[in-house]
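J.: So here's structure20.txt, just compact mmCIF, C-alpha atoms and all ligand atoms:
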```txt
# COMPACT_ATOMS: atom_id res chain seq x y z
CA MET E 421 0.00 0.00 0.00
CA THR E 422 1.35 3.40 -0.88
CA THR E 423 1.64 5.72 2.09
CA ILE E 424 0.08 9.15 2.10
CA LEU E 425 3.59 10.62 1.90
CA GLU E 426 4.38 8.73 -1.26
CA LYS E 427 1.06 9.83 -2.72
CA THR E 428 2.16 13.46 -2.53
CA ARG E 429 4.71 12.64 -5.23
CA SER E 430 2.00 11.68 -7.70
CA LEU E 431 -0.70 13.56 -9.60
CA PHE E 432 -4.43 12.84 -8.99
CA ALA E 433 -4.67 11.20 -12.36
CA ASP E 434 -1.96 8.67 -11.43
CA LEU E 435 -3.62 8.06 -8.05
CA GLY E 436 -6.99 7.50 -9.68
CA VAL E 437 -8.51 10.23 -7.57
CA SER E 438 -11.24 12.41 -9.02
CA THR E 439 -14.03 13.18 -6.56
CA ASP E 440 -14.29 15.86 -3.94
CA ARG E 441 -14.57 13.25 -1.18
CA GLU E 442 -11.47 11.38 -2.33
CA ILE E 443 -9.46 14.57 -2.38
CA GLN E 444 -10.64 15.60 1.06
CA GLU E 445 -9.65 12.16 2.34
CA LEU E 446 -6.12 12.64 1.00
CA PHE E 447 -5.78 15.99 2.80
CA ARG E 448 -7.25 14.51 5.99
CA GLN E 449 -4.63 11.78 6.05
CA LEU E 450 -1.90 14.29 5.41
CA ILE E 451 -3.06 16.52 8.27
CA GLU E 452 -3.23 13.49 10.54
CA LEU E 453 0.37 12.68 9.72
CA ALA E 454 1.46 16.27 10.31
CA ASP E 455 -0.30 16.30 13.71
CA THR E 456 1.41 13.10 14.78
CA GLU E 457 4.81 14.48 13.88
CA HIS E 458 4.03 17.85 15.38
CA LYS E 459 3.36 16.29 18.76
CA LYS E 460 6.82 14.71 18.82
CA VAL E 461 8.70 17.98 18.34
CA ILE E 462 10.66 18.88 21.50
CA THR E 463 14.10 20.27 20.80
CA ASP E 464 15.12 23.28 18.73
CA PRO E 465 16.63 21.15 15.92
CA GLU E 466 13.46 19.02 15.81
CA ARG E 467 11.37 22.13 15.40
CA GLU E 468 13.52 23.35 12.56
CA GLU E 469 13.38 19.93 10.94
CA PHE E 470 9.58 19.99 11.13
CA ARG E 471 9.48 23.42 9.52
CA VAL E 472 11.77 22.45 6.63
CA ARG E 473 9.99 19.13 6.05
CA TRP E 474 6.46 20.53 6.01
CA LEU E 475 6.71 24.22 5.15
CA GLY E 476 10.07 24.77 3.44
CA ARG E 477 10.17 26.64 0.17
CA ASN E 478 11.40 24.03 -2.28
CA ASP E 479 11.11 20.40 -1.47
CA SER E 480 8.75 20.40 1.50
CA ILE E 481 5.59 18.35 1.64
CA ARG E 482 3.51 21.49 1.20
CA ALA E 483 5.53 22.58 -1.85
CA ARG E 484 5.06 19.15 -3.38
CA VAL E 485 1.34 19.05 -2.66
CA LYS E 486 0.97 22.47 -4.18
CA ARG E 487 2.78 21.48 -7.36
CA ASN E 488 1.39 17.96 -7.82
CA TRP E 489 -2.10 18.17 -6.41
CA LEU E 490 -3.10 21.80 -6.80
CA GLU E 491 -1.36 23.18 -9.81
CA ASN E 492 -1.66 19.96 -11.83
CA ALA E 493 -5.29 19.31 -10.98
CA PRO E 494 -7.74 19.33 -13.83
CA LYS E 495 -9.28 22.79 -14.26
CA GLU E 496 -12.78 21.82 -13.03
CA MET E 497 -11.33 20.43 -9.72
CA ARG E 498 -9.08 23.38 -8.89
CA ARG E 499 -11.59 25.29 -6.76
CA TRP E 500 -12.17 22.65 -4.11
CA VAL E 501 -8.59 21.40 -4.24
CA GLY E 502 -7.62 25.00 -3.58
CA SER E 503 -9.78 25.32 -0.48
CA SER E 504 -8.59 21.97 0.92
CA PHE E 505 -5.03 22.99 0.23
CA ASN E 506 -5.47 26.31 2.03
CA TYR E 507 -7.00 24.58 5.03
CA PHE E 508 -4.14 22.10 5.15
CA SER E 509 -1.51 24.84 4.74
CA GLU E 510 -2.94 27.03 7.50
CA HIS E 511 -3.34 24.08 9.83
CA ILE E 512 0.36 23.26 9.61
CA GLU E 513 1.47 26.88 9.89
CA THR E 514 -0.63 27.36 13.01
CA GLY E 515 0.75 24.16 14.50
CA TYR E 516 4.27 25.34 13.78
CA SER E 517 3.66 28.80 15.27
CA TYR E 518 2.47 27.15 18.50
CA ILE E 519 5.63 25.16 19.01
CA LYS E 520 7.70 28.23 18.16
CA PHE E 521 5.81 30.30 20.72
CA ALA E 522 6.21 27.58 23.35
CA ALA E 523 9.94 27.53 22.68
CA GLU E 524 10.18 31.29 23.14
CA ILE E 525 8.41 31.09 26.47
CA LEU E 526 10.67 28.30 27.62
CA GLU E 527 13.67 30.35 26.58
CA ALA E 528 12.51 33.35 28.62
CA ASP E 529 11.82 31.13 31.63
CA ARG E 530 15.07 29.28 31.52
CA PRO E 531 16.68 29.68 34.95
CA GLU E 532 20.01 31.44 35.32
CA ASP E 533 23.03 29.20 35.31
CA LEU E 534 23.86 29.41 38.99
CA SER E 535 27.27 27.89 38.46
CA LEU E 536 28.48 30.94 36.52
CA PRO E 537 30.75 33.26 38.49
CA GLY E 538 28.87 36.41 39.61
CA VAL E 539 29.46 39.94 38.37
CA LEU E 540 31.72 41.68 40.87
CA ARG E 541 30.53 45.24 41.37
CA PRO E 542 32.70 47.58 43.42
CA VAL E 543 31.13 48.26 46.80
CA GLY E 544 31.32 51.86 48.04
CA SER E 545 31.85 52.91 51.62
CA HIS E 546 31.14 55.87 53.84
CA HIS E 547 33.41 58.87 53.38
CA LEU E 548 35.84 59.27 56.27
CA ILE E 549 34.06 62.46 57.33
CA ARG E 550 30.76 60.58 57.49
CA GLN E 551 32.45 57.84 59.53
CA VAL E 552 33.85 60.32 62.04
CA PHE E 553 30.43 62.00 62.32
CA GLN E 554 29.03 58.58 63.17
CA GLU E 555 31.74 57.83 65.74
CA ILE E 556 31.13 61.12 67.52
CA GLU E 557 27.34 60.84 67.33
CA ASP E 558 27.54 57.36 68.87
CA ILE E 559 29.59 58.66 71.79
CA PHE E 560 27.06 61.40 72.52
CA PHE E 561 24.09 59.07 72.01
CA SER E 562 25.54 56.88 74.76
CA ILE E 563 25.22 59.76 77.26
CA GLY E 564 21.72 60.83 76.31
CA PHE E 565 22.16 63.42 73.57
CA SER E 566 19.96 63.32 70.48
CA VAL E 567 20.62 64.61 66.97
CA VAL E 568 18.99 67.62 65.33
CA GLU E 569 19.84 69.08 61.96
CA GLY E 570 19.27 72.52 60.54
CA PRO E 571 19.45 74.65 57.41
CA GLU E 572 22.77 75.46 55.74
CA ILE E 573 21.24 78.73 54.49
CA GLU E 574 20.62 80.95 57.48
CA THR E 575 19.48 84.44 58.35
CA PRO E 576 21.95 86.82 60.05
CA TYR E 577 19.60 86.73 63.03
CA TYR E 578 20.23 83.04 63.76
CA ASN E 579 23.84 82.96 62.59
CA PHE E 580 24.86 86.12 64.52
CA GLU E 581 22.40 88.34 66.39
CA ALA E 582 20.63 85.73 68.52
CA LEU E 583 24.05 84.34 69.38
CA ASN E 584 24.89 87.67 70.92
CA ILE E 585 26.93 88.86 67.91
CA PRO E 586 25.46 92.24 66.97
CA GLU E 587 26.17 93.91 63.65
CA PHE E 588 29.68 95.47 63.54
CA HIS E 589 30.89 93.18 66.32
CA PRO E 590 34.54 92.42 65.47
CA VAL E 591 34.15 88.60 65.57
CA ARG E 592 31.99 88.87 62.48
CA ASP E 593 35.21 89.52 60.58
CA ASP E 594 36.54 86.05 61.45
CA MET E 595 33.40 84.44 60.28
CA ASP E 596 32.51 86.57 57.32
CA THR E 597 30.87 84.49 54.78
CA PHE E 598 28.94 83.95 51.60
CA TYR E 599 25.76 85.99 51.27
CA LEU E 600 23.13 84.97 48.79
CA GLU E 601 22.15 87.35 46.04
CA LEU E 602 18.48 88.01 46.64
CA PRO E 603 15.89 90.02 44.75
CA LYS E 604 15.47 93.63 45.94
CA GLY E 605 13.01 93.90 48.80
CA ALA E 606 13.73 90.43 50.22
CA PRO E 607 12.62 90.41 53.88
CA THR E 608 16.04 89.41 55.26
CA PRO E 609 19.51 88.82 53.87
CA LEU E 610 20.51 85.13 53.69
CA LEU E 611 23.93 83.58 54.14
CA LEU E 612 25.63 80.20 54.29
CA ARG E 613 25.95 79.43 58.00
CA THR E 614 29.45 79.93 59.37
CA HIS E 615 28.93 77.46 62.22
CA THR E 616 26.32 75.04 63.52
CA SER E 617 25.61 77.32 66.50
CA PRO E 618 22.42 78.81 64.96
CA MET E 619 20.84 75.47 65.81
CA GLN E 620 21.34 76.28 69.51
CA ILE E 621 18.83 79.07 69.00
CA ARG E 622 16.45 77.15 66.77
CA THR E 623 16.41 74.24 69.21
CA MET E 624 15.79 76.38 72.30
CA GLU E 625 13.07 78.34 70.48
CA LYS E 626 11.19 75.10 69.90
CA GLN E 627 11.89 73.25 73.09
CA LYS E 628 11.75 73.98 76.80
CA PRO E 629 14.64 72.81 78.99
CA PRO E 630 16.05 70.25 79.56
CA VAL E 631 17.87 70.27 76.20
CA ARG E 632 20.59 67.83 75.21
CA VAL E 633 21.30 67.86 71.49
CA ILE E 634 24.13 67.55 69.01
CA VAL E 635 24.00 69.10 65.55
CA PRO E 636 26.12 67.56 62.81
CA GLY E 637 26.42 69.51 59.57
CA LYS E 638 28.27 71.49 56.92
CA VAL E 639 29.41 75.04 57.51
CA TYR E 640 30.98 77.69 55.27
CA ARG E 641 33.49 80.49 55.63
CA ARG E 642 35.24 82.82 53.29
CA ASP E 643 38.60 81.15 53.90
CA ASN E 644 41.26 80.62 51.28
CA PRO E 645 41.97 76.92 50.83
CA ASP E 646 45.21 75.59 52.29
CA ALA E 647 46.26 72.48 54.23
CA THR E 648 44.07 73.41 57.21
CA HIS E 649 41.40 75.67 55.68
CA SER E 650 38.52 75.04 53.36
CA PHE E 651 35.55 77.23 52.47
CA ALA E 652 33.28 74.31 53.38
CA PHE E 653 33.88 72.07 56.35
CA HIS E 654 32.01 70.13 59.04
CA GLN E 655 31.07 70.65 62.65
CA ILE E 656 29.14 68.98 65.42
CA GLU E 657 27.53 71.46 67.74
CA GLY E 658 26.58 70.35 71.22
CA LEU E 659 24.15 72.00 73.62
CA ALA E 660 23.01 70.97 77.08
CA VAL E 661 20.74 73.21 79.12
CA ASP E 662 18.94 72.36 82.34
CA THR E 663 18.25 73.82 85.77
CA ASP E 664 21.32 72.35 87.44
CA ILE E 665 24.16 72.10 84.93
CA THR E 666 27.54 73.12 86.34
CA PHE E 667 30.96 73.81 84.91
CA CYS E 668 31.96 70.38 86.26
CA ASP E 669 29.26 68.67 84.18
CA PHE E 670 30.64 70.56 81.23
CA THR E 671 34.31 69.58 81.58
CA GLY E 672 33.38 66.05 82.65
CA THR E 673 31.28 65.56 79.52
CA ILE E 674 34.04 66.86 77.26
CA GLU E 675 36.66 64.70 78.96
CA TYR E 676 34.45 61.65 78.56
CA PHE E 677 34.00 62.40 74.87
CA VAL E 678 37.71 63.03 74.20
CA GLN E 679 38.75 59.81 75.92
CA GLN E 680 36.13 57.81 74.06
CA PHE E 681 37.36 59.27 70.81
CA PHE E 682 41.16 59.21 71.26
CA GLY E 683 41.54 56.45 73.85
CA PRO E 684 41.39 56.19 77.65
CA THR E 685 44.97 57.35 78.28
CA VAL E 686 44.66 60.90 76.88
CA LYS E 687 44.22 63.87 79.16
CA THR E 688 42.25 67.03 78.50
CA ARG E 689 42.83 70.59 79.55
CA PHE E 690 41.09 73.87 78.81
CA ARG E 691 42.36 77.38 78.33
CA PRO E 692 40.41 80.63 78.46
CA SER E 693 39.03 81.79 75.16
CA TYR E 694 36.32 84.03 73.81
CA PHE E 695 33.02 83.49 72.05
CA PRO E 696 30.19 86.04 72.32
CA PHE E 697 27.64 83.32 73.06
CA THR E 698 29.49 81.52 75.87
CA GLU E 699 30.75 82.85 79.19
CA PRO E 700 33.20 81.69 80.29
CA SER E 701 34.55 80.41 76.98
CA VAL E 702 37.30 77.85 76.65
CA GLU E 703 39.46 76.04 74.13
CA PHE E 704 39.86 72.34 74.83
CA ASP E 705 43.22 70.63 74.26
CA VAL E 706 44.05 66.95 74.27
CA SER E 707 47.39 65.54 75.38
CA CYS E 708 49.10 64.52 72.14
CA PRO E 709 47.89 60.98 71.38
CA PHE E 710 50.92 60.39 69.14
CA CYS E 711 53.73 60.99 71.63
CA GLY E 712 51.79 60.11 74.76
CA GLY E 713 51.80 63.75 75.79
CA THR E 714 55.58 63.95 76.10
CA GLY E 715 56.29 66.17 73.10
CA ALA E 716 59.09 63.80 72.13
CA SER E 717 59.21 61.00 69.60
CA ASN E 718 62.11 58.76 68.51
CA GLY E 719 64.60 60.93 70.36
CA GLY E 720 63.41 64.11 68.56
CA THR E 721 60.39 66.36 68.87
CA CYS E 722 56.97 64.88 68.05
CA SER E 723 55.98 66.05 64.59
CA LYS E 724 52.25 66.05 65.40
CA CYS E 725 52.24 68.39 68.40
CA LYS E 726 55.54 70.03 67.42
CA GLY E 727 56.91 69.30 70.86
CA ALA E 728 54.05 71.08 72.64
CA ALA E 729 52.68 67.83 74.14
CA TRP E 730 49.15 69.24 73.71
CA ILE E 731 46.95 69.58 70.65
CA GLU E 732 44.23 72.19 70.35
CA LEU E 733 40.84 70.56 69.77
CA PHE E 734 37.81 72.86 69.74
CA GLY E 735 35.99 75.77 71.31
CA ALA E 736 33.28 75.55 73.95
CA GLY E 737 31.88 77.24 77.03
CA MET E 738 28.98 77.82 79.36
CA VAL E 739 26.03 79.33 77.51
CA ASP E 740 26.10 83.13 77.91
CA PRO E 741 22.99 84.25 79.86
CA ALA E 742 22.41 86.90 77.18
CA VAL E 743 21.59 84.09 74.72
CA TYR E 744 18.73 82.85 76.92
CA GLY E 745 17.13 86.25 76.45
CA PHE E 746 16.71 85.56 72.74
CA VAL E 747 14.82 82.30 73.29
CA ASN E 748 12.67 83.20 76.29
CA TYR E 749 14.52 81.01 78.74
CA ASP E 750 14.81 82.33 82.28
CA ALA E 751 18.53 83.02 82.65
CA LYS E 752 18.14 82.96 86.46
CA LYS E 753 16.81 79.43 86.42
CA VAL E 754 18.75 77.63 83.71
CA SER E 755 22.39 77.03 82.90
CA GLY E 756 24.16 74.97 80.31
CA PHE E 757 27.14 74.42 78.08
CA ALA E 758 27.85 74.36 74.36
CA PHE E 759 30.68 73.18 72.17
CA GLY E 760 31.55 73.23 68.47
CA ILE E 761 33.72 70.34 67.27
CA GLY E 762 35.41 70.65 63.89
CA ILE E 763 34.99 67.24 62.30
CA ASP E 764 37.62 67.63 59.60
CA ARG E 765 40.18 68.56 62.23
CA MET E 766 39.23 65.61 64.45
CA ALA E 767 39.47 63.23 61.48
CA MET E 768 42.88 64.63 60.51
CA LEU E 769 44.19 64.25 64.05
CA LYS E 770 42.87 60.77 64.62
CA TYR E 771 43.79 59.32 61.23
CA GLY E 772 47.05 61.20 60.65
CA ILE E 773 45.92 63.23 57.63
CA ASP E 774 47.92 66.38 56.98
CA ASP E 775 45.85 68.10 54.30
CA ILE E 776 42.16 68.97 54.71
CA GLN E 777 41.77 69.24 50.92
CA VAL E 778 41.86 65.45 50.48
CA PHE E 779 38.39 65.28 52.00
CA PHE E 780 36.95 67.19 49.07
CA GLN E 781 38.98 65.83 46.16
CA ASN E 782 37.21 62.45 45.99
CA ASP E 783 40.38 60.65 45.00
CA VAL E 784 39.55 56.96 45.37
CA ARG E 785 43.15 56.19 46.34
CA PHE E 786 42.49 58.22 49.47
CA LEU E 787 38.92 57.07 50.04
CA ARG E 788 39.85 53.37 49.76
CA GLN E 789 42.14 53.69 52.77
CA PHE E 790 39.04 54.10 54.95
CA PRO E 791 36.70 51.33 53.86
N1 LIG Q 1 30.62 78.17 66.84
C1 LIG Q 1 32.00 78.26 67.27
C2 LIG Q 1 32.90 78.25 66.03
O1 LIG Q 1 32.48 77.81 65.01
C3 LIG Q 1 32.37 77.10 68.15
C4 LIG Q 1 31.63 77.09 69.44
C5 LIG Q 1 30.44 76.43 69.56
C6 LIG Q 1 32.14 77.74 70.57
C7 LIG Q 1 29.74 76.40 70.77
C8 LIG Q 1 31.47 77.72 71.76
C9 LIG Q 1 30.29 77.06 71.86
O2 LIG Q 1 34.03 78.67 66.09
```
Go ahead and express the file in the form of structure tokens.
T.:
Amino acid sequence: MTTILEKTRSLFADLGVSTDREIQELFRQLIELADTEHKKVITDPEREEFRVRWLGRNDSIRARVKRNWLENAPKEMRRWVGSSFNYFSEHIETGYSYIKFAAEILEADRPEDLSLPGVLRPVGSHHLIRQVFQEIEDIFFSIGFSVVEGPEIETPYYNFEALNIPEFHPVRDDMDTFYLELPKGAPTPLLLRTHTSPMQIRTMEKQKPPVRVIVPGKVYRRDNPDATHSFAFHQIEGLAVDTDITFCDFTGTIEYFVQQFFGPTVKTRFRPSYFPFTEPSVEFDVSCPFCGGTGASNGGTCSKCKGAAWIELFGAGMVDPAVYGFVNYDAKKVSGFAFGIGIDRMAMLKYGIDDIQVFFQNDVRFLRQFP
């Protein structure tokens, strides 16, 4: 018996086929064969083989059927052969498009190859300044301070006047700064804050005593850049106000902080200083952590403290009663202390950095040393 496949190689006349029914039967058998094969297709090469065998341009089954059965059919049979042929052709194309679609879905779903080595992306780290902020914040958290932050653009009232620095006061020269260009008629001039101290005022305006806050942030001054100056740098302000805070609480707190930061063996001392918003005002020093406070190193003078045995740290003092007047605190009932720690300076001291500019240059060779 000749198979249906072999029959596609012959013309109807040779097969003895002439009626509509007989022709439909031939196409039915062919479709049945295609369906059987279609169901067996699994792999990519099998799918391609199916396409070439059934739908290919030249020698496929469809091409043969078209040539032998359709184009060579007697004229009066062409119409129904044509419609059977179209049905057959579409049936196979649809079947093929299904397996192709299924393959595409499988491809998209294919799980990653977990045995491949991963892509190594460089991991960043906190900038040293940010790390030192964190160290200092943690020390003050541990003794009950909380963090507040404030605007870098300030009014002269908060940056100066309310801190007991009236216009034309000589200390304004030290801290002269960048003023913003504002439209004519602006209600107040604006400037980049020269210290974090304005937040003393803003905090006390909002909050009744007791107050125990630290204020980390950026500050700006019209300084020319050199190894120890930058027009932008960082401070942590501290403020503690209550009904019973003494000078002893003040120095004890600072000593605790300095020893936590530099190590338990360092000593602190303070010298008289001047700030309009503290009275008395002091400068805190730490015994040089590099030479153990001796001023000597390797038989010569210590290069860090230049033989002085002490290193100047930061300014501080007891809050000047005049300041309480600006925030409606009763200067007869409350007392407190404030300090302003320069973060860049603390980072340079602790990590042996001799140029403040490296903090702002973003050179990864520097940054990578503090992962
Ligand atoms: N604001 C002062 C400065 O930037 C530092 C300071 C803060 C001094 C608080 C005393 C009290 O120089």
J.: Dump the neighbourhood of ligand LIG 1 (chain Q) as a list of chain:residue names: all residues within 8 Å, distances computed on all atoms listed in the file.
T.: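 Result of the 8 Å neighbour search around ligand LIG 1 (chain Q): E:Thr614, E:His615, E:Thr616, E:Ser617, E:Gln655, E:Glu657, E:Gly658, E:Leu659, E:Phe695, E:Phe697, E:Thr698, E:Ser701, E:Val702, E:Phe734, E:Gly735, E:Ala736, E:Gly737, E:Met738, E:Val739, E:Phe757, E:Ala758, E:Phe759, E:Gly760, E:Ile761, E:Gly762.
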J.: Closest to Ser566 of chain E among E:Asp740, E:Arg642, E:Val686, E:Val631, using all atoms listed in the file?
T.: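 Closest candidate: E:Val631.
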J.: Identify which of the residues E:Leu548, E:Leu446, E:Val747, E:Ile556 lies closest to Met768 of chain E, counting all atoms listed in the file when measuring atom-to-atom distances.
T.: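 Of all the options, E:Leu548 lies closest to Met768 of chain E.
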J.: Which residue, E:Asp593, E:Cys668, E:Ala742, E:Thr422, has the smallest gap to Arg641 of chain E when you use only C-alpha atoms?
T.: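 Among the listed residues, the smallest separation from Arg641 of chain E belongs to E:Asp593.
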J.: From the set E:Ala767, E:Val485, E:Val743, E:Val539, which residue has the shortest atom-to-atom contact distance to Leu583 of chain E, counting all atoms listed in the file?
T.: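 Between E:Ala767, E:Val485, E:Val743, E:Val539, the residue approaching Leu583 of chain E most closely is E:Val743.
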J.: Using all atoms listed in the file, which protein or nucleic acid residues come within 12 Å of Pro571 of chain E? Drop anything in the same chain fewer than 2 positions from it, and give the result as a compact mmCIF listing (two decimals) with C-alpha atoms, keeping the file's coordinate frame.
T.:
```
# COMPACT_ATOMS: atom_id res chain seq x y z
CA VAL E 568 18.99 67.62 65.33
CA GLU E 569 19.84 69.08 61.96
CA ILE E 573 21.24 78.73 54.49
CA GLU E 574 20.62 80.95 57.48
CA THR E 575 19.48 84.44 58.35
CA TYR E 578 20.23 83.04 63.76
CA ASN E 579 23.84 82.96 62.59
CA LEU E 610 20.51 85.13 53.69
CA LEU E 611 23.93 83.58 54.14
CA LEU E 612 25.63 80.20 54.29
CA ARG E 613 25.95 79.43 58.00
CA THR E 614 29.45 79.93 59.37
CA HIS E 615 28.93 77.46 62.22
CA THR E 616 26.32 75.04 63.52
CA SER E 617 25.61 77.32 66.50
CA PRO E 618 22.42 78.81 64.96
CA MET E 619 20.84 75.47 65.81
CA ARG E 622 16.45 77.15 66.77
CA VAL E 635 24.00 69.10 65.55
CA PRO E 636 26.12 67.56 62.81
CA GLY E 637 26.42 69.51 59.57
CA LYS E 638 28.27 71.49 56.92
CA VAL E 639 29.41 75.04 57.51
```
J.: Would you please work out which residue, of E:Ala493, E:Ile674, E:Phe682, E:Arg441, is nearest to Glu703 of chain E when using all atoms listed in the file?
T.: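 For Glu703 of chain E, the nearest of the given residues is E:Ile674.
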J.: I'd like to know which of E:Gly756, E:Pro537, E:Gly544, E:Gly436 is closest to Phe790 of chain E, using all atoms listed in the file.
T.: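 Going through E:Gly756, E:Pro537, E:Gly544, E:Gly436 one by one, the smallest distance to Phe790 of chain E is for E:Gly544.
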J.: Write out as a ChimeraX atom specification which residues come within 7 Å of Phe565 of chain E when counting only C-alpha atoms, dropping same-chain ones fewer than 5 positions away.
T.: /E:560,632-634
J.: Work out how far apart atom CA of Ala729 of chain E and atom CA of Lys687 of chain E are and give it in Å to one decimal.
T.: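 Taking atom CA of Ala729 of chain E as the start and atom CA of Lys687 of chain E as the end point, the length is 10.6 Å.
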J.: Neighbouring residues of Gly727 of chain E were defined as those with any atom within 8 Å, considering all atoms listed in the file; residues of the same chain fewer than 5 positions away were excluded. Please report them as a list of chain:residue names.
T.: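 Non-adjacent residues within range: E:Thr714, E:Gly715, E:Ala716, E:Thr721, E:Cys722.
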J.: List every protein, DNA or RNA residue that has at least one atom no more than 6 Å from (-3.0, 20.3, 7.7) in the file's coordinates, counting all atoms listed in the file, and write the result as a PyMOL selection string.
T.: chain E and resi 451+508-509+511-512
J.: Save out the residues we just selected, C-alpha atoms, as a tab-separated table (two decimals), keeping the file's coordinate frame.
T.:
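Output below, filename selection_2.tsv:
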```tsv
chain	number	residue	atom	x	y	z
E	451	ILE	CA	-3.06	16.52	8.27
E	508	PHE	CA	-4.14	22.10	5.15
E	509	SER	CA	-1.51	24.84	4.74
E	511	HIS	CA	-3.34	24.08	9.83
E	512	ILE	CA	0.36	23.26	9.61
```
J.: Extract, using only C-alpha atoms, all DNA, RNA and protein residues at most 7 Å from Ala582 of chain E, discarding same-chain residues fewer than 2 positions from it, and format them as a count of residues only.
T.: 7
J.: Grab the atom CA of Lys753 of chain E to atom CA of Val567 of chain E distance for me, in Å with one decimal place.
T.: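 Result for atom CA of Lys753 of chain E versus atom CA of Val567 of chain E: 24.7 Å, one decimal.
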J.: Please fill the gaps in segment 714-719 of chain E so it has all heavy atoms, and write that as an mmCIF file, in the frame of the given file.
T.:
```cif
data_model
loop_
_atom_site.group_PDB
_atom_site.id
_atom_site.type_symbol
_atom_site.label_atom_id
_atom_site.label_comp_id
_atom_site.auth_asym_id
_atom_site.auth_seq_id
_atom_site.Cartn_x
_atom_site.Cartn_y
_atom_site.Cartn_z
ATOM 1 N N THR E 714 54.222 63.605 75.661
ATOM 2 C CA THR E 714 55.580 63.950 76.100
ATOM 3 C C THR E 714 56.201 65.036 75.222
ATOM 4 O O THR E 714 57.156 65.695 75.618
ATOM 5 C CB THR E 714 56.507 62.721 76.020
ATOM 6 O OG1 THR E 714 56.536 62.262 74.651
ATOM 7 C CG2 THR E 714 56.016 61.599 76.912
ATOM 8 N N GLY E 715 55.701 65.202 74.030
ATOM 9 C CA GLY E 715 56.290 66.170 73.100
ATOM 10 C C GLY E 715 57.496 65.610 72.373
ATOM 11 O O GLY E 715 58.062 66.263 71.498
ATOM 12 N N ALA E 716 57.890 64.379 72.737
ATOM 13 C CA ALA E 716 59.090 63.800 72.130
ATOM 14 C C ALA E 716 58.739 62.497 71.406
ATOM 15 O O ALA E 716 57.813 61.794 71.799
ATOM 16 C CB ALA E 716 60.134 63.507 73.193
ATOM 17 N N SER E 717 59.456 62.228 70.337
ATOM 18 C CA SER E 717 59.210 61.000 69.600
ATOM 19 C C SER E 717 60.508 60.557 68.912
ATOM 20 O O SER E 717 61.155 61.373 68.240
ATOM 21 C CB SER E 717 58.112 61.265 68.573
ATOM 22 O OG SER E 717 58.132 60.308 67.570
ATOM 23 N N ASN E 718 60.882 59.305 69.116
ATOM 24 C CA ASN E 718 62.110 58.760 68.510
ATOM 25 C C ASN E 718 63.338 59.641 68.789
ATOM 26 O O ASN E 718 64.142 59.896 67.900
ATOM 27 C CB ASN E 718 61.969 58.585 66.994
ATOM 28 C CG ASN E 718 60.901 57.563 66.658
ATOM 29 O OD1 ASN E 718 60.688 56.621 67.427
ATOM 30 N ND2 ASN E 718 60.223 57.763 65.533
ATOM 31 N N GLY E 719 63.433 60.109 70.002
ATOM 32 C CA GLY E 719 64.600 60.930 70.360
ATOM 33 C C GLY E 719 64.539 62.361 69.861
ATOM 34 O O GLY E 719 65.372 63.188 70.216
#
```
